[in-house]
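Novice: The following file, upload_37.cif, comprises mmCIF, C-alpha atoms:
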data_structure
loop_
_atom_site.label_atom_id
_atom_site.label_comp_id
_atom_site.auth_asym_id
_atom_site.auth_seq_id
_atom_site.Cartn_x
_atom_site.Cartn_y
_atom_site.Cartn_z
CA MET A 1 83.74 93.35 120.93
CA PRO A 2 82.54 90.27 122.82
CA GLY A 3 84.32 87.18 121.67
CA GLY A 4 81.41 84.77 121.52
CA GLY A 5 81.92 83.70 125.11
CA GLN A 6 85.65 83.16 124.69
CA GLY A 7 86.77 86.45 126.31
CA ARG A 8 88.87 87.39 123.26
CA GLU A 9 88.70 90.89 121.78
CA ARG A 10 90.38 92.27 118.66
CA GLY A 11 92.98 94.93 119.32
CA GLU A 12 92.52 98.54 118.22
CA ASP A 13 93.98 99.88 115.00
CA LEU A 14 96.84 102.36 115.38
CA ARG A 15 97.75 105.46 113.36
CA TYR A 16 101.29 106.72 112.78
CA ASN A 17 102.05 109.98 110.95
CA MET A 18 105.29 110.01 108.95
CA GLU A 19 106.78 113.00 107.14
CA ILE A 20 109.40 112.55 104.42
CA THR A 21 111.22 114.83 101.98
CA LEU A 22 110.49 115.03 98.27
CA GLU A 23 113.89 113.45 97.64
CA GLU A 24 112.93 110.49 99.83
CA ALA A 25 109.58 110.20 98.03
CA PHE A 26 111.51 110.18 94.73
CA ALA A 27 113.98 107.45 95.69
CA GLY A 28 111.96 105.48 98.24
CA LYS A 29 113.45 104.40 101.55
CA VAL A 30 113.35 101.87 104.35
CA ALA A 31 112.36 103.66 107.56
CA GLN A 32 112.69 102.52 111.15
CA ILE A 33 109.85 103.69 113.37
CA ARG A 34 109.12 103.24 117.06
CA VAL A 35 105.48 102.69 117.96
CA PRO A 36 104.15 102.60 121.54
CA SER A 37 101.41 99.99 121.59
CA SER A 38 99.94 97.10 123.50
CA ILE A 39 101.50 93.70 122.87
CA THR A 40 100.56 90.21 124.06
CA CYS A 41 101.73 89.57 127.61
CA ASP A 42 104.67 87.16 127.55
CA VAL A 43 103.90 85.83 131.04
CA CYS A 44 100.33 84.61 130.54
CA HIS A 45 100.57 84.44 126.72
CA GLY A 46 97.50 86.62 126.37
CA ASN A 47 94.89 84.76 128.41
CA GLY A 48 95.13 87.14 131.41
CA ALA A 49 95.42 84.37 134.02
CA LYS A 50 98.36 83.72 136.30
CA PRO A 51 100.64 80.94 134.97
CA GLY A 52 99.39 77.57 136.15
CA THR A 53 95.78 78.78 136.15
CA LYS A 54 93.29 79.57 133.44
CA PRO A 55 90.13 81.64 132.96
CA SER A 56 86.91 79.96 134.00
CA THR A 57 83.48 80.06 132.41
CA CYS A 58 81.36 82.86 133.83
CA ALA A 59 78.82 81.42 136.28
CA THR A 60 76.34 84.20 135.57
CA CYS A 61 76.01 83.92 131.79
CA HIS A 62 77.47 80.39 131.43
CA GLY A 63 79.95 81.62 128.85
CA SER A 64 77.57 83.41 126.49
CA GLY A 65 78.53 86.93 127.58
CA ARG A 66 74.83 87.90 127.63
CA VAL A 67 72.06 87.58 130.21
CA ARG A 68 68.31 87.65 129.63
CA ALA A 69 65.79 89.25 131.94
CA THR A 70 61.99 89.11 131.69
CA GLN A 71 59.93 92.21 132.42
CA GLY A 72 56.21 91.58 132.02
CA PHE A 73 55.59 90.54 128.42
CA PHE A 74 59.10 91.57 127.34
CA SER A 75 62.37 89.69 127.42
CA ILE A 76 65.50 91.90 127.48
CA GLU A 77 68.99 90.67 126.69
CA ARG A 78 72.00 92.66 127.88
CA THR A 79 75.73 92.34 128.46
CA CYS A 80 76.62 90.14 131.39
CA PRO A 81 77.53 92.43 134.34
CA THR A 82 79.87 89.85 135.86
CA CYS A 83 82.23 89.24 132.93
CA GLN A 84 81.40 92.40 130.86
CA GLY A 85 80.44 90.22 127.90
CA ARG A 86 83.64 88.16 127.72
CA GLY A 87 82.04 84.89 128.86
CA GLN A 88 84.95 84.18 131.20
CA THR A 89 86.17 85.35 134.57
CA ILE A 90 89.68 85.31 135.98
CA SER A 91 89.96 84.54 139.67
CA ASP A 92 93.77 84.72 139.77
CA PRO A 93 94.93 87.35 137.24
CA CYS A 94 98.41 87.59 135.78
CA THR A 95 100.59 89.88 137.90
CA LYS A 96 102.24 91.52 134.86
CA CYS A 97 99.19 92.45 132.78
CA HIS A 98 96.62 92.42 135.62
CA GLY A 99 94.31 90.14 133.70
CA GLN A 100 94.25 92.14 130.46
CA GLY A 101 96.41 89.70 128.51
CA ARG A 102 98.52 92.55 127.08
CA VAL A 103 101.04 95.15 128.20
CA THR A 104 102.15 98.48 126.71
CA GLU A 105 105.62 98.60 125.21
CA GLU A 106 107.44 100.51 122.47
CA ARG A 107 108.16 98.44 119.38
CA SER A 108 110.62 99.09 116.54
CA LEU A 109 109.25 98.42 113.07
CA GLN A 110 110.78 98.57 109.61
CA VAL A 111 108.62 100.24 106.96
CA ASN A 112 109.27 100.10 103.23
CA ILE A 113 108.42 103.43 101.56
CA PRO A 114 108.08 102.81 97.80
CA ALA A 115 109.51 105.25 95.24
CA GLY A 116 106.91 107.70 93.96
CA ILE A 117 104.72 107.68 97.07
CA GLU A 118 102.38 110.68 97.23
CA ASP A 119 101.32 113.01 99.99
CA GLY A 120 98.35 111.54 101.88
CA THR A 121 99.08 107.91 100.97
CA ARG A 122 98.11 105.38 103.63
CA ILE A 123 100.22 102.27 104.27
CA ARG A 124 98.62 99.39 106.16
CA LEU A 125 100.67 96.98 108.25
CA GLN A 126 98.34 94.10 109.05
CA GLY A 127 98.48 92.79 112.61
CA GLU A 128 100.88 95.50 113.81
CA GLY A 129 98.30 97.42 115.83
CA GLU A 130 97.23 96.90 119.44
CA ALA A 131 97.34 93.33 120.70
CA GLY A 132 93.94 91.77 121.31
CA LEU A 133 92.53 91.28 124.79
CA ARG A 134 93.06 87.79 126.23
CA GLY A 135 94.61 86.36 123.10
CA GLY A 136 92.33 88.11 120.60
CA PRO A 137 93.68 89.06 117.15
CA SER A 138 95.81 92.18 116.84
CA GLY A 139 94.59 95.32 115.10
CA ASP A 140 96.38 96.94 112.16
CA LEU A 141 98.83 99.83 111.98
CA TYR A 142 98.07 102.58 109.45
CA ILE A 143 100.93 104.86 108.44
CA PHE A 144 99.79 108.17 106.93
CA MET A 145 102.43 109.73 104.70
CA SER A 146 103.04 113.44 104.21
CA VAL A 147 105.68 114.92 101.91
CA LYS A 148 107.37 118.15 102.98
CA PRO A 149 107.03 121.12 100.63
CA HIS A 150 110.20 121.53 98.54
CA SER A 151 112.07 124.81 98.34
CA PHE A 152 112.54 124.51 94.57
CA TYR A 153 110.13 121.98 93.08
CA LYS A 154 106.35 121.82 93.13
CA ARG A 155 104.74 118.43 92.54
CA GLU A 156 101.56 117.64 90.66
CA GLY A 157 101.06 113.89 90.46
CA ALA A 158 104.17 112.47 88.82
CA ASP A 159 105.20 115.79 87.24
CA LEU A 160 107.49 118.38 88.79
CA TYR A 161 107.44 122.14 88.19
CA CYS A 162 110.01 124.78 88.95
CA MET A 163 110.62 128.45 88.19
CA VAL A 164 114.02 129.57 86.95
CA THR A 165 114.96 133.26 86.74
CA ILE A 166 117.31 134.25 83.91
CA PRO A 167 118.89 137.62 83.04
CA MET A 168 117.17 139.83 80.47
CA VAL A 169 120.17 139.59 78.16
CA THR A 170 120.08 135.78 78.18
CA ALA A 171 116.36 135.86 77.37
CA ALA A 172 116.97 138.30 74.51
CA LEU A 173 120.11 136.77 73.00
CA GLY A 174 119.60 133.13 74.00
CA GLY A 175 121.84 130.93 76.11
CA LYS A 176 122.03 127.83 78.28
CA PHE A 177 121.84 126.90 81.94
CA GLU A 178 121.96 123.71 84.02
CA ILE A 179 119.39 122.53 86.52
CA SER A 180 119.85 119.88 89.22
CA THR A 181 117.23 117.12 89.14
CA LEU A 182 116.06 114.75 91.89
CA ASP A 183 117.89 111.79 90.36
CA GLY A 184 121.18 113.46 91.27
CA THR A 185 122.12 114.53 87.76
CA LYS A 186 122.16 117.88 85.97
CA SER A 187 120.11 118.65 82.89
CA ARG A 188 120.96 121.42 80.40
CA VAL A 189 118.23 123.75 79.23
CA THR A 190 118.74 125.70 76.00
CA VAL A 191 117.09 129.12 75.98
CA PRO A 192 116.28 130.28 72.44
CA GLU A 193 116.65 133.91 71.40
CA GLY A 194 113.71 136.07 72.44
CA THR A 195 112.42 133.84 75.24
CA PRO A 196 109.62 135.60 77.18
CA THR A 197 108.64 135.30 80.84
CA GLY A 198 106.34 132.32 81.31
CA LYS A 199 107.96 130.19 78.61
CA GLN A 200 107.96 126.56 79.74
CA PHE A 201 110.45 123.84 78.85
CA ARG A 202 109.70 120.13 79.33
CA LEU A 203 112.39 117.71 80.48
CA LYS A 204 110.92 114.30 79.68
CA GLY A 205 111.33 111.58 82.29
CA LYS A 206 112.86 113.92 84.88
CA GLY A 207 109.82 114.01 87.16
CA MET A 208 108.69 111.63 89.90
CA PRO A 209 108.43 107.85 89.54
CA VAL A 210 104.88 106.61 89.09
CA LEU A 211 104.04 104.45 92.12
CA ARG A 212 104.45 100.72 91.46
CA SER A 213 105.29 101.12 87.77
CA HIS A 214 108.29 101.76 85.53
CA GLN A 215 106.93 105.08 84.28
CA GLN A 216 108.40 108.46 85.12
CA GLY A 217 106.81 111.89 85.12
CA ASP A 218 108.26 115.00 83.49
CA LEU A 219 109.94 118.13 84.79
CA TYR A 220 108.58 121.48 83.58
CA VAL A 221 110.90 124.46 83.84
CA GLN A 222 109.19 127.85 83.63
CA ILE A 223 111.21 130.93 82.79
CA ALA A 224 111.03 134.28 84.60
CA VAL A 225 112.98 137.12 82.99
CA GLU A 226 114.73 139.38 85.47
CA THR A 227 114.66 143.14 84.91
CA PRO A 228 118.11 144.77 85.49
CA GLN A 229 118.40 146.87 88.65
CA LYS A 230 120.90 149.41 90.05
CA LEU A 231 122.12 150.39 86.57
CA THR A 232 125.38 152.23 86.11
CA LYS A 233 125.44 155.39 84.03
CA ARG A 234 126.92 153.52 81.09
CA GLN A 235 124.36 150.69 81.33
CA ARG A 236 121.55 153.23 81.36
CA GLU A 237 123.01 154.96 78.28
CA LEU A 238 123.19 151.67 76.41
CA LEU A 239 119.59 150.76 77.29
CA GLU A 240 118.39 154.21 76.25
CA GLU A 241 120.24 153.79 72.97
CA PHE A 242 118.64 150.38 72.52
CA GLN A 243 115.22 151.87 73.19
CA THR A 244 115.84 154.54 70.56
CA LEU A 245 116.79 151.89 68.01
CA SER A 246 113.90 149.55 68.93
CA SER A 247 111.07 148.87 66.54
CA LYS A 248 107.69 147.18 66.75
CA GLU A 249 109.37 143.89 65.83
CA ASN A 250 111.53 144.06 68.99
CA ASN A 251 108.52 144.45 71.32
CA PRO A 252 105.54 142.95 69.48
CA GLU A 253 103.43 142.17 72.56
CA SER A 254 103.66 145.56 74.29
CA THR A 255 103.32 147.43 70.97
CA GLY A 256 100.25 145.40 70.06
CA PHE A 257 98.70 145.85 73.51
CA PHE A 258 98.96 149.63 73.53
CA ALA A 259 97.75 149.83 69.94
CA LYS A 260 94.65 147.83 70.87
CA MET A 261 94.07 150.00 73.92
CA LYS A 262 94.28 153.17 71.81
CA ASP A 263 91.83 151.77 69.27
CA PHE A 264 89.43 150.80 72.06
CA PHE A 265 89.30 154.26 73.63
CA ASP A 266 89.19 155.97 70.22
CA THR A 267 86.06 153.93 69.49
CA LEU A 268 84.47 155.03 72.77
CA SER A 269 85.10 158.68 72.01
CA ASP A 270 83.50 158.54 68.53
#
For the structure just supplied, provide its representation as structure tokens.

Specialist:
Amino acid sequence: MPGGGQGRERGEDLRYNMEITLEEAFAGKVAQIRVPSSITCDVCHGNGAKPGTKPSTCATCHGSGRVRATQGFFSIERTCPTCQGRGQTISDPCTKCHGQGRVTEERSLQVNIPAGIEDGTRIRLQGEGEAGLRGGPSGDLYIFMSVKPHSFYKREGADLYCMVTIPMVTAALGGKFEISTLDGTKSRVTVPEGTPTGKQFRLKGKGMPVLRSHQQGDLYVQIAVETPQKLTKRQRELLEEFQTLSSKENNPESTGFFAKMKDFFDTLSD
């Protein structure tokens, strides 16, 4: 934008995309990034003129950056064609930046990623964008965060969800298993006798940190019961014997379902 006749323009904002793991989002981290951007020329210190000289007021617009022309009854104001609206001209430009007051270089920046940051969060670093033209203020740098999908956990806000497959016998008789959590510890889950597929267990405080607070989400462990495969002859015999000895109390859901289905079709046939 024109700088009110001073030739100064604000630098452009920059965008940087950063991808982190769920573990890094859990713990937070300090990241080093390299950003190619325009910085203030160190030879002319941003004014665009060769050292020992300085920009001069534009003779066409007298420093306003605008010129006015009269056409009949109308007066039209437009950007000065000599200085392109900057209000100044440079007769002897800086040899390093060629009168722009800035040069392109790659900068190294340190970025603090807070614990609990979510996918899609935007971090603003004020003044770390493009340098302004001829000493104008710098733009800002916006870092857009994305969290990689995890192979085991699914995140919803501050809560974590995972699916754990257990043997049919463990589901029927009960048992225990351990699960690794993102804080680096292991938590024990007790499976009660007769646990069905879909049963969910809540591990309080084992989820993600809530951004900028001392709260912690929960971890929900959902059970999937595995059906035995590639049975030996003896295993098949034992399961067949179990089936013979089974009653409605052993399989209440399937027994109830088929009973309801029978009643439904019996009603239709009446």

Novice: Need to verify the contact set: Asp140 of chain A, 9 Å, only C-alpha atoms, exclusion of same-chain residues closer than 5 positions in sequence. Can you return it as number ranges by chain?

Specialist: A: 11-15, 124-130

Novice: Please write the residues picked by the PyMOL selection byres ((chain A and resi 20-34) around 9) on this file as a ChimeraX atom specification.

Specialist: /A:18-19,35-36,106-119,145-150,153,155,182-183,207-209

Novice: If the PyMOL selection byres ((chain A and resi 169) around 10) were run on this exact file, what residues would it hold? Put them as a PyMOL selection string.

Specialist: chain A and resi 166-168+170-175+193-194+225-228

Novice: Work out how far apart atom CA of Val210 of chain A and atom CA of Lys186 of chain A are and give it in Å to one decimal.

Specialist: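 Atom CA of Lys186 of chain A lies at a distance of 20.9 Å from atom CA of Val210 of chain A.
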
Novice: Pick out the closest residue to Lys199 of chain A from this set: A:Thr79, A:Ser138, A:Gln222, A:Ser213. Count only C-alpha atoms.

Specialist: A:Gln222

Novice: Using Å and a single decimal, report how far atom CA of Gly63 of chain A sits from atom CA of Arg86 of chain A.

Specialist: 7.6 Å

Novice: So which residues touch Pro51 of chain A within 8 Å, counting all atoms listed in the file, skipping near sequence neighbours fewer than 4 positions away, as a PDB file with C-alpha atoms, in the frame of the given file?

Specialist:
ATOM      1  CA  VAL A  43     103.900  85.830 131.040  1.00  0.00           C
ATOM      2  CA  CYS A  44     100.330  84.610 130.540  1.00  0.00           C
ATOM      3  CA  CYS A  94      98.410  87.590 135.780  1.00  0.00           C
TER       4      CYS A  94
END

Novice: Counting all atoms listed in the file, which of A:Ala158, A:Leu239, A:Ala131, A:Ile143 gets nearest to His214 of chain A?

Specialist: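 Smallest distance to His214 of chain A is found for A:Ala158.
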
Novice: Using only C-alpha atoms, which residue out of A:Leu219, A:Val189, A:Leu160, A:Cys83 lies closest to Arg202 of chain A?

Specialist: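 Comparing A:Leu219, A:Val189, A:Leu160, A:Cys83 against Arg202 of chain A, the winner is A:Leu219.
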